[in-house]
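Next comes run20.csv, with CSV, C-alpha atoms and all ligand atoms.
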```csv
chain,number,residue,atom,x,y,z
F,1,MET,CA,117.2,139.2,118.7
F,2,THR,CA,113.8,138.4,117.3
F,3,ASN,CA,111.8,140.6,119.7
F,4,LEU,CA,108.7,138.3,119.7
F,5,THR,CA,105.9,138.1,122.3
F,6,LEU,CA,103.0,135.7,122.2
F,7,TYR,CA,99.9,136.7,124.1
F,8,GLY,CA,98.0,133.6,125.2
F,9,GLU,CA,95.3,132.9,127.8
F,10,SER,CA,95.8,131.8,131.4
F,11,ASN,CA,93.4,128.9,131.4
F,12,TRP,CA,95.4,127.1,128.7
F,13,VAL,CA,92.3,125.9,126.7
F,14,SER,CA,92.7,127.7,123.4
F,15,PRO,CA,93.3,125.6,120.3
F,16,TRP,CA,94.3,128.8,118.5
F,17,VAL,CA,97.0,129.7,121.1
F,18,LEU,CA,98.2,126.1,120.7
F,19,HIS,CA,98.5,126.7,116.9
F,20,ALA,CA,100.5,129.9,117.3
F,21,MET,CA,102.8,128.5,120.0
F,22,VAL,CA,103.5,125.3,117.9
F,23,ALA,CA,104.3,127.6,114.9
F,24,LEU,CA,106.8,129.6,117.0
F,25,GLU,CA,108.3,126.4,118.5
F,26,GLU,CA,108.6,124.6,115.2
F,27,LYS,CA,110.3,127.7,113.7
F,28,GLN,CA,112.7,127.5,116.7
F,29,LEU,CA,112.1,131.2,117.5
F,30,PRO,CA,112.7,132.6,121.0
F,31,TYR,CA,109.7,134.5,122.3
F,32,GLU,CA,108.3,135.9,125.5
F,33,LEU,CA,104.9,134.6,126.7
F,34,GLN,CA,102.3,136.9,128.2
F,35,LEU,CA,99.0,135.5,129.5
F,36,VAL,CA,95.7,137.3,129.9
F,37,PRO,CA,92.5,135.9,131.6
F,38,LEU,CA,89.4,135.0,129.6
F,39,PRO,CA,87.2,136.9,129.1
F,40,ILE,CA,89.8,139.4,128.3
F,41,PRO,CA,89.4,142.4,130.6
F,42,THR,CA,88.0,145.5,128.9
F,43,GLY,CA,91.2,147.6,129.2
F,44,GLN,CA,93.4,144.9,127.9
F,45,ARG,CA,91.0,144.2,125.0
F,46,ALA,CA,91.0,147.9,124.1
F,47,GLU,CA,94.8,147.8,124.0
F,48,PHE,CA,94.8,144.7,121.8
F,49,GLU,CA,92.2,146.2,119.5
F,50,ASP,CA,94.3,149.4,119.3
F,51,HIS,CA,97.4,147.5,118.2
F,52,ALA,CA,96.2,144.4,116.5
F,53,VAL,CA,92.8,145.5,115.2
F,54,LEU,CA,91.1,142.3,116.5
F,55,GLY,CA,91.3,141.9,120.2
F,56,ARG,CA,91.3,138.1,120.7
F,57,VAL,CA,94.3,135.9,121.6
F,58,PRO,CA,96.5,134.5,120.3
F,59,ILE,CA,98.3,137.8,119.4
F,60,LEU,CA,101.8,137.9,118.2
F,61,ARG,CA,103.8,141.0,118.8
F,62,HIS,CA,106.9,141.4,116.7
F,63,GLY,CA,108.5,144.8,117.6
F,64,ASP,CA,105.8,147.3,116.6
F,65,VAL,CA,103.8,144.8,114.6
F,66,TRP,CA,100.8,143.2,116.3
F,67,ILE,CA,99.0,140.3,114.6
F,68,SER,CA,95.9,138.5,115.9
F,69,GLU,CA,94.1,135.4,114.3
F,70,SER,CA,96.1,132.2,114.6
F,71,LEU,CA,96.3,131.5,110.9
F,72,ALA,CA,97.6,135.0,110.2
F,73,ILE,CA,100.2,134.5,112.9
F,74,SER,CA,101.6,131.2,111.4
F,75,GLU,CA,101.5,132.7,107.9
F,76,TYR,CA,103.4,135.8,109.2
F,77,LEU,CA,106.0,133.6,110.9
F,78,ALA,CA,106.4,131.5,107.8
F,79,GLU,CA,107.1,134.5,105.6
F,80,THR,CA,109.1,136.6,108.1
F,81,PHE,CA,111.3,133.7,109.2
F,82,PRO,CA,111.6,131.6,106.0
F,83,ILE,CA,113.7,128.6,105.1
F,84,PRO,CA,116.6,127.8,105.1
F,85,ASN,CA,117.3,129.6,108.3
F,86,HIS,CA,114.2,128.4,110.0
F,87,PRO,CA,112.3,125.1,109.5
F,88,ARG,CA,109.4,125.0,107.1
F,89,ILE,CA,105.9,125.0,108.7
F,90,PHE,CA,103.8,125.1,105.5
F,91,PRO,CA,104.2,122.5,102.7
F,92,ALA,CA,106.6,123.4,99.9
F,93,ASP,CA,104.2,122.0,97.3
F,94,LEU,CA,101.6,124.5,96.3
F,95,VAL,CA,98.7,122.0,96.1
F,96,GLU,CA,99.6,120.6,99.5
F,97,ARG,CA,99.9,124.1,100.9
F,98,ALA,CA,96.4,125.0,99.5
F,99,ARG,CA,95.1,121.7,101.0
F,100,ALA,CA,96.6,122.6,104.4
F,101,ARG,CA,95.0,126.0,104.3
F,102,GLN,CA,91.7,124.4,103.3
F,103,VAL,CA,91.8,122.1,106.3
F,104,MET,CA,92.8,124.8,108.7
F,105,SER,CA,90.0,127.1,107.5
F,106,MET,CA,87.4,124.3,107.8
F,107,LEU,CA,88.5,123.5,111.3
F,108,ARG,CA,88.0,127.2,112.3
F,109,THR,CA,84.6,127.6,110.7
F,110,SER,CA,82.7,124.3,111.3
F,111,LEU,CA,82.2,121.3,113.6
F,112,PHE,CA,80.7,123.6,116.2
F,113,ALA,CA,78.5,120.9,117.8
F,114,LEU,CA,81.5,118.6,118.3
F,115,ARG,CA,83.6,121.5,119.6
F,116,GLU,CA,80.8,122.3,122.2
F,117,ALA,CA,80.4,118.6,123.2
F,118,ARG,CA,84.1,117.9,123.4
F,119,PRO,CA,85.7,121.2,124.5
F,120,THR,CA,89.5,121.5,124.8
F,121,SER,CA,89.1,121.4,128.5
F,122,SER,CA,88.2,117.8,128.1
F,123,VAL,CA,91.2,117.2,125.9
F,124,PHE,CA,94.4,119.0,127.1
F,125,ALA,CA,94.6,117.9,130.7
F,126,VAL,CA,94.1,114.2,130.0
F,127,THR,CA,96.3,114.3,127.0
F,128,LYS,CA,99.0,115.8,129.1
F,129,HIS,CA,98.8,112.7,131.4
F,130,ASN,CA,98.3,110.2,128.6
F,131,THR,CA,94.9,109.2,129.9
F,132,THR,CA,91.3,109.6,128.7
F,133,ASN,CA,88.0,110.7,130.1
F,134,ASN,CA,85.7,107.8,131.2
F,135,ASP,CA,82.7,109.9,132.0
F,136,ALA,CA,82.0,111.7,128.7
F,137,THR,CA,78.3,112.0,127.9
F,138,PRO,CA,77.2,110.4,124.6
F,139,LEU,CA,77.5,112.7,121.6
F,140,SER,CA,74.2,114.4,120.4
F,141,PRO,CA,73.1,113.7,116.8
F,142,ALA,CA,74.6,117.0,115.7
F,143,ALA,CA,77.9,116.3,117.4
F,144,SER,CA,77.9,112.7,116.0
F,145,ALA,CA,77.4,114.2,112.5
F,146,ASP,CA,80.3,116.5,113.0
F,147,ALA,CA,82.5,113.6,114.3
F,148,ALA,CA,81.6,111.6,111.2
F,149,GLU,CA,82.5,114.5,108.9
F,150,LEU,CA,85.8,115.0,110.7
F,151,ILE,CA,86.6,111.3,110.4
F,152,ARG,CA,85.7,111.4,106.7
F,153,VAL,CA,88.0,114.3,106.0
F,154,ALA,CA,90.8,113.0,108.1
F,155,THR,CA,90.6,109.5,106.4
F,156,ARG,CA,90.9,111.2,103.0
F,157,LEU,CA,94.0,113.1,104.1
F,158,VAL,CA,95.9,110.8,106.4
F,159,GLN,CA,97.2,107.5,105.0
F,160,PRO,CA,97.0,104.5,107.4
F,161,GLY,CA,100.1,104.5,109.6
F,162,ALA,CA,101.1,108.1,108.6
F,163,ILE,CA,101.8,110.7,111.3
F,164,SER,CA,101.5,113.6,109.0
F,165,MET,CA,99.1,114.5,106.2
F,166,PHE,CA,101.8,115.0,103.7
F,167,ALA,CA,105.3,113.6,103.4
F,168,HIS,CA,106.6,116.2,105.9
F,169,TRP,CA,104.8,117.6,109.0
F,170,CYS,CA,103.1,120.9,108.5
F,171,ILE,CA,101.3,123.4,110.8
F,172,ALA,CA,97.8,122.0,109.7
F,173,ASP,CA,98.7,118.7,111.3
F,174,ILE,CA,98.5,120.2,114.8
F,175,ASP,CA,95.0,121.5,114.1
F,176,LEU,CA,93.7,118.3,112.6
F,177,GLY,CA,95.4,116.4,115.4
F,178,LEU,CA,93.6,118.5,118.0
F,179,ALA,CA,90.3,118.1,116.3
F,180,LEU,CA,90.7,114.3,116.4
F,181,MET,CA,92.0,114.4,120.0
F,182,ARG,CA,88.5,115.7,121.0
F,183,LEU,CA,87.3,112.1,120.1
F,184,VAL,CA,90.4,110.2,121.4
F,185,ALA,CA,90.5,112.0,124.8
F,186,ASN,CA,86.8,111.2,125.4
F,187,ASN,CA,86.8,107.6,124.2
F,188,ASP,CA,84.6,108.3,121.2
F,189,SER,CA,85.0,105.8,118.4
F,190,LEU,CA,87.4,106.6,115.5
F,191,PRO,CA,89.7,104.5,113.3
F,192,ALA,CA,92.8,103.5,115.2
F,193,PRO,CA,95.2,105.0,112.6
F,194,LEU,CA,93.6,108.4,113.1
F,195,ALA,CA,94.0,108.1,116.9
F,196,THR,CA,97.7,107.2,116.3
F,197,TYR,CA,98.1,110.2,114.0
F,198,ALA,CA,96.4,112.5,116.5
F,199,ARG,CA,98.6,111.4,119.4
F,200,ALA,CA,101.7,111.8,117.3
F,201,GLN,CA,100.9,115.5,117.0
F,202,PHE,CA,100.9,116.0,120.7
F,203,ALA,CA,104.0,113.9,121.1
F,204,ARG,CA,105.9,116.6,119.2
F,205,PRO,CA,108.2,118.8,121.4
F,206,SER,CA,106.4,121.9,120.1
F,207,ALA,CA,103.0,120.7,121.4
F,208,GLN,CA,104.6,119.4,124.6
F,209,VAL,CA,105.6,123.0,125.4
F,210,TYR,CA,101.9,123.9,125.4
F,211,LEU,CA,100.8,120.8,127.3
F,212,ARG,CA,103.4,121.3,130.1
F,213,ASN,CA,101.6,124.6,130.9
F,214,VAL,CA,98.1,123.1,131.1
F,215,PRO,CA,96.8,122.9,134.7
F,216,ASP,CA,95.9,119.4,135.8
F,217,ALA,CA,92.2,120.1,135.9
F,218,ALA,CA,91.6,122.7,133.2
F,219,SER,CA,87.9,123.6,133.8
F,220,VAL,CA,87.0,126.1,131.1
F,221,GLY,CA,87.0,125.7,127.3
F,301,LIG,N1,89.7,132.9,114.9
F,301,LIG,C1,90.6,133.2,116.1
F,301,LIG,C2,89.9,132.8,117.4
F,301,LIG,C3,90.5,133.5,118.6
F,301,LIG,C4,89.7,133.3,119.8
F,301,LIG,O1,88.5,133.0,119.7
F,301,LIG,N2,90.3,133.6,120.9
F,301,LIG,C5,89.5,133.5,122.2
F,301,LIG,C6,90.3,132.6,123.2
F,301,LIG,S1,90.2,130.9,122.5
F,301,LIG,C7,89.6,134.9,122.8
F,301,LIG,O2,90.5,135.6,122.8
F,301,LIG,N3,88.4,135.4,123.4
F,301,LIG,C8,88.4,136.7,124.0
F,301,LIG,C9,87.5,136.8,125.2
F,301,LIG,O3,86.8,135.7,125.5
F,301,LIG,O4,87.5,137.8,125.8
F,301,LIG,C10,92.0,132.6,115.9
F,301,LIG,O5,92.1,131.7,115.1
F,301,LIG,O6,92.9,133.1,116.5
```

Now that the file is in, can you turn its structure into structure tokens?
Ligand SMILES: N[C@@H](CCC(=O)N[C@@H](CS)C(=O)NCC(=O)O)C(=O)O
Amino acid sequence: MTNLTLYGESNWVSPWVLHAMVALEEKQLPYELQLVPLPIPTGQRAEFEDHAVLGRVPILRHGDVWISESLAISEYLAETFPIPNHPRIFPADLVERARARQVMSMLRTSLFALREARPTSSVFAVTKHNTTNNDATPLSPAASADAAELIRVATRLVQPGAISMFAHWCIADIDLGLALMRLVANNDSLPAPLATYARAQFARPSAQVYLRNVPDAASVG
């Protein structure tokens, strides 16, 4: 009995809840799912802050331990449920692990213009149905610059034809895949191998669990 609960949000537009859910699924851990609306109601937020210090979802509850921040959650799961009993989600190689953390940190702290122009609400619902948006407005100069930077970084890290950054899939692949799907889902230009890599992340059973829950017309994000 693992006694795990994941707190997510009921619009299904959070890249960070996606990250935590994929980590749980890839670790093959049973968990209960609890959804809260966004914005999080005051009383619920106070309870989250009381237990988890930071009151934003995703939050993982493991018995009496409450952890927020998606990256802290996947690190906690990796260390609490290690190999060989549970699949690896961080690279074994220390340099690759550092690189994975570097990418995940970058994706949480930059590309804001692209994230605003291509919100997850424009990604998840169409990705679920293997379609794309035909009516996306052109990217602003700032969003285009973010897209160029994202493509530069991804081209450095993903070999043509590869469906993971390193020899084995790791948790950073879902984050980089989602970032690239912001372009794929909106018919923005990007190199074909990167589009293939991005789609491969969402084809994983772990990501499909998230996508299955996405409403057909997600409207917030
Ligand atoms: N850096 C955090 C971001 C978490 C975050 O921004 N969560 C949003 C949902 S995507 C939230 O809980 N917002 C609270 C609110 O809007 O009331 C992480 O990686 O988990």

Q: Find the residues around segment 122-132 of chain F up to 10 Å (all atoms listed in the file counted), leave out those fewer than 5 positions away in its own chain, and share them as a PyMOL selection string.
A: chain F and resi 12-15+117+178-187+199+202-203+207-208+210-221

Neighbouring residues of ligand LIG 301 (chain F) are defined here as those with any atom at most 6 Å from a ligand atom, counting all atoms listed in the file; list them as a PDB file with C-alpha atoms, in the frame of the given file.
```pdb
ATOM      1  CA  SER F  14      92.700 127.700 123.400  1.00  0.00           C
ATOM      2  CA  TRP F  16      94.300 128.800 118.500  1.00  0.00           C
ATOM      3  CA  LEU F  38      89.400 135.000 129.600  1.00  0.00           C
ATOM      4  CA  PRO F  39      87.200 136.900 129.100  1.00  0.00           C
ATOM      5  CA  ILE F  40      89.800 139.400 128.300  1.00  0.00           C
ATOM      6  CA  ARG F  56      91.300 138.100 120.700  1.00  0.00           C
ATOM      7  CA  VAL F  57      94.300 135.900 121.600  1.00  0.00           C
ATOM      8  CA  PRO F  58      96.500 134.500 120.300  1.00  0.00           C
ATOM      9  CA  GLU F  69      94.100 135.400 114.300  1.00  0.00           C
ATOM     10  CA  SER F  70      96.100 132.200 114.600  1.00  0.00           C
ATOM     11  CA  LEU F  71      96.300 131.500 110.900  1.00  0.00           C
TER      12      LEU F  71
END
```

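Proximity to Asp175 of chain F was assessed for F:Val36, F:Ala98, F:Val17, F:Ile59 counting all atoms listed in the file; the smallest distance is recorded for F:Val17.
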
Set up a box along x, y and z of the file covering all listed atoms of segment 140-148 of chain F, add 6 Å on every one of the six sides, and write the centre and edge lengths in Å to one decimal, as JSON.
```
{"center_x": 77.8, "center_y": 114.3, "center_z": 115.8, "size_x": 21.4, "size_y": 17.4, "size_z": 21.2}
```

Q | All residues 10 Å or closer to Asp173 of chain F, all atoms listed in the file, same chain fewer than 2 positions away omitted, as a list in words | A | His19, Ile89, Ala100, Val103, Met104, Val158, Ile163, Ser164, Met165, Phe166, His168, Trp169, Cys170, Ile171, Asp175, Leu176, Gly177, Leu178, Ala179, Tyr197, Ala198, Ala200 and Gln201 of chain F

Q: Fewer than 5 positions away in the same chain doesn't count, so skip those; otherwise give me all residues within 12 Å of Tyr76 of chain F, counting all atoms listed in the file, as a PyMOL selection string.
A: chain F and resi 20+23-24+27+59-62+65-71+81-82+89-90

Write a file of the selected residues as an mmCIF file, in the frame of the given file, keeping C-alpha atoms.
```cif
data_model
loop_
_atom_site.group_PDB
_atom_site.id
_atom_site.type_symbol
_atom_site.label_atom_id
_atom_site.label_comp_id
_atom_site.auth_asym_id
_atom_site.auth_seq_id
_atom_site.Cartn_x
_atom_site.Cartn_y
_atom_site.Cartn_z
ATOM 1 C CA ALA F 20 100.500 129.900 117.300
ATOM 2 C CA ALA F 23 104.300 127.600 114.900
ATOM 3 C CA LEU F 24 106.800 129.600 117.000
ATOM 4 C CA LYS F 27 110.300 127.700 113.700
ATOM 5 C CA ILE F 59 98.300 137.800 119.400
ATOM 6 C CA LEU F 60 101.800 137.900 118.200
ATOM 7 C CA ARG F 61 103.800 141.000 118.800
ATOM 8 C CA HIS F 62 106.900 141.400 116.700
ATOM 9 C CA VAL F 65 103.800 144.800 114.600
ATOM 10 C CA TRP F 66 100.800 143.200 116.300
ATOM 11 C CA ILE F 67 99.000 140.300 114.600
ATOM 12 C CA SER F 68 95.900 138.500 115.900
ATOM 13 C CA GLU F 69 94.100 135.400 114.300
ATOM 14 C CA SER F 70 96.100 132.200 114.600
ATOM 15 C CA LEU F 71 96.300 131.500 110.900
ATOM 16 C CA PHE F 81 111.300 133.700 109.200
ATOM 17 C CA PRO F 82 111.600 131.600 106.000
ATOM 18 C CA ILE F 89 105.900 125.000 108.700
ATOM 19 C CA PHE F 90 103.800 125.100 105.500
#
```

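In this comparison, which uses all atoms listed in the file, the residue of F:Glu96, F:Asp146, F:Glu116, F:Glu32 approaching Ala167 of chain F most closely is F:Glu96.
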
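What separates atom CA of Tyr7 of chain F from atom CA of Leu35 of chain F is a distance of 5.6 Å.
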
(Q) Given all atoms listed in the file as the basis, pick out the residue of F:Ile174, F:Ala52, F:Ala92, F:Ala162 nearest to Leu107 of chain F. (A) F:Ile174

Q: Select, from F:Gln34, F:Ser10, F:Ser110, F:Thr80, the residue with the minimum atom-to-atom distance to Ala145 of chain F, counting all atoms listed in the file.
A: F:Ser110

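For the pair atom CA of Pro160 of chain F and atom CA of Arg97 of chain F, the separation is 20.9 Å.
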
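Counting all atoms listed in the file and comparing F:Arg156, F:Ser206, F:Thr42, F:Pro30, the residue that lies closest to Arg99 of chain F is F:Arg156.
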
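Taking atom CA of Asp64 of chain F and atom CA of Leu6 of chain F as the two end points, the separation is 13.2 Å.
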